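Presented below is the structure to which this report refers.
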Amino acid sequence: MDVTSLPFLLAIVSLVLGIVAAAIFVYVIIPKQRRANAKAAMPPPPKAAPPPPSPEPEAPAPTKRTAKVKQHSLFVIFSHPDATTDERLAEWLRGKEASYDAIKKVFLINGKQPSNPVTIANAFPPGEMPDLLRGETDEPIRGISLLVKPPLHKRRNQQMVVYVALAKELNETFNGNLLDANRQPASESTYAQIID
């Protein structure tokens with residue numbers, strides 16, 4: 001073999017390998033891109049029509065929560081709010097050893113888990129309560145909301161029992177209307193869903 005023919009032969013082999021590599025690239029990569037572009041260009045499948053609303057059952061049976069609840073809410077709306085209602089509420093809060101959070105303008109009741117206290121707030125916007133323990137009142141409070149976060153573990157459910165008991169006690173003490181988060185009258189199934 002001649003010394004000058006070796007570089008020429010290597011150049012031809014390199015050219016052939018380059019053409020083979022280009023052919024493989026075109027054969028493998030380009031169709032994948034075309035399929036991806038074709039998928040992106042296709043219109044989305046038509047959405048199914050929502051099912052017609054079903055009639056609501058008269059008495060819902062207690063069911064387990066399907067969605068995680070970030071916070072439970074119960075409302076006690078006072079039937080005859082006046083200055084004496086505020087005084088009675090202040091006495092009730094003292095009896096429960098409630099503390100006033102001046103930043104959030106709500107009361108906190110420790111219950112069984114001080115790390116997750118029951119929050120007592122005004123049921124009507126803006127949700128802020130005056131410090132009743134110090135005698136601050138603007139106008140009679142018409143109702144309160146009780147708020148608590150659900151426990152992360154079932155074994156820590158004692159605070160939910162305290163929460164429901166506080167709501168029932170407030171309702172009886174002030175002869176009010178106890179409502180759930182949807183502003184519907186609370187029932188035993190409501191309490192069971194909170195405690196479970």
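Order determines the names: the first chain of the structure tokens is A, the second B, and so forth; residues in each chain are numbered 1 upward, and ligands are numbered 1 upward as they are shown.
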
For A:Ala102, please output as a ChimeraX atom specification all residues within 9 Å (counting only C-alpha atoms; exclusion window: fewer than 4 positions along the same chain). /A:106-107,130-131

Those residues with N, CA and C atoms, as a PDB file, in the first residue's frame please?
ATOM      1  N   VAL A 106     -58.037  37.653  68.104  1.00  0.00           N
ATOM      2  CA  VAL A 106     -58.874  36.485  68.363  1.00  0.00           C
ATOM      3  C   VAL A 106     -58.526  35.948  69.747  1.00  0.00           C
ATOM      4  N   PHE A 107     -59.393  35.085  70.269  1.00  0.00           N
ATOM      5  CA  PHE A 107     -59.109  34.394  71.523  1.00  0.00           C
ATOM      6  C   PHE A 107     -58.652  32.982  71.208  1.00  0.00           C
ATOM      7  N   PRO A 130     -62.893  42.296  69.845  1.00  0.00           N
ATOM      8  CA  PRO A 130     -62.273  43.191  70.818  1.00  0.00           C
ATOM      9  C   PRO A 130     -61.819  42.370  72.025  1.00  0.00           C
ATOM     10  N   ASP A 131     -60.909  42.902  72.795  1.00  0.00           N
ATOM     11  CA  ASP A 131     -60.424  42.203  73.990  1.00  0.00           C
ATOM     12  C   ASP A 131     -61.483  42.316  75.084  1.00  0.00           C
TER      13      ASP A 131
END

Near A:Asp180, counting only C-alpha atoms, which residues have an atom at most 8 Å away, once you skip same-chain residues fewer than 2 positions from it, shown as a PyMOL selection string? chain A and resi 73-75+178+182-186+190

Would you save the residues of that selection, restricted to C-alpha atoms, as a short mmCIF file (atom, residue, chain, number, x, y, z; two decimals), in the first residue's frame?
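Just written: out29.cif:
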data_model
loop_
_atom_site.label_atom_id
_atom_site.label_comp_id
_atom_site.auth_asym_id
_atom_site.auth_seq_id
_atom_site.Cartn_x
_atom_site.Cartn_y
_atom_site.Cartn_z
CA SER A 73 -65.28 25.88 61.32
CA LEU A 74 -68.39 26.07 63.47
CA PHE A 75 -70.42 29.22 64.04
CA LEU A 178 -74.98 26.44 65.80
CA ASN A 182 -71.49 25.84 55.02
CA ARG A 183 -73.68 27.95 57.34
CA GLN A 184 -76.17 25.11 57.65
CA PRO A 185 -77.49 23.92 61.05
CA ALA A 186 -74.93 21.61 62.62
CA THR A 190 -71.40 17.19 61.47
#

Could you give me, as a Markdown table, a per-residue list for stretch 68-98 of chain A showing, wherever an atom lies at most 10 Å from an atom of stretch 158-170 of chain A, the closest pair of atoms and their distance in Å to one decimal, using only C-alpha atoms and sorting by chain then residue number from low to high?
| residue | atom | partner | partner_atom | distance |
| --- | --- | --- | --- | --- |
| A:His72 | CA | A:Met160 | CA | 9.1 |
| A:Ser73 | CA | A:Tyr163 | CA | 9.8 |
| A:Leu74 | CA | A:Ala167 | CA | 7.1 |
| A:Phe75 | CA | A:Ala167 | CA | 7.9 |
| A:Val76 | CA | A:Leu170 | CA | 7.1 |
| A:Ile77 | CA | A:Leu170 | CA | 9.8 |
| A:Phe78 | CA | A:Leu170 | CA | 9.6 |
| A:Leu89 | CA | A:Leu170 | CA | 8.8 |
| A:Trp92 | CA | A:Leu170 | CA | 8.5 |
| A:Lys96 | CA | A:Leu166 | CA | 9.3 |

Shortest contact to A:Ile141, candidates A:Ile103, A:Ile195, A:Ala121, A:Leu10, atoms counted only C-alpha atoms, goes to A:Ala121

Please list as a ChimeraX atom specification every residue within 7 Å of A:Val118, counting only C-alpha atoms and excluding residues in the same chain fewer than 2 positions away. /A:108-110,116,120,146-148,163

Name the residues in contact with A:Asp86 at a cut-off of 9 Å, using only C-alpha atoms, excluding same-chain residues fewer than 5 positions from it; report them as a count of residues only. 6

Separation of atom CA of A:Ala98 from atom CA of A:Glu188, in Å and rounded to one decimal: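 That distance, rounded to one decimal, is 26.1 Å.
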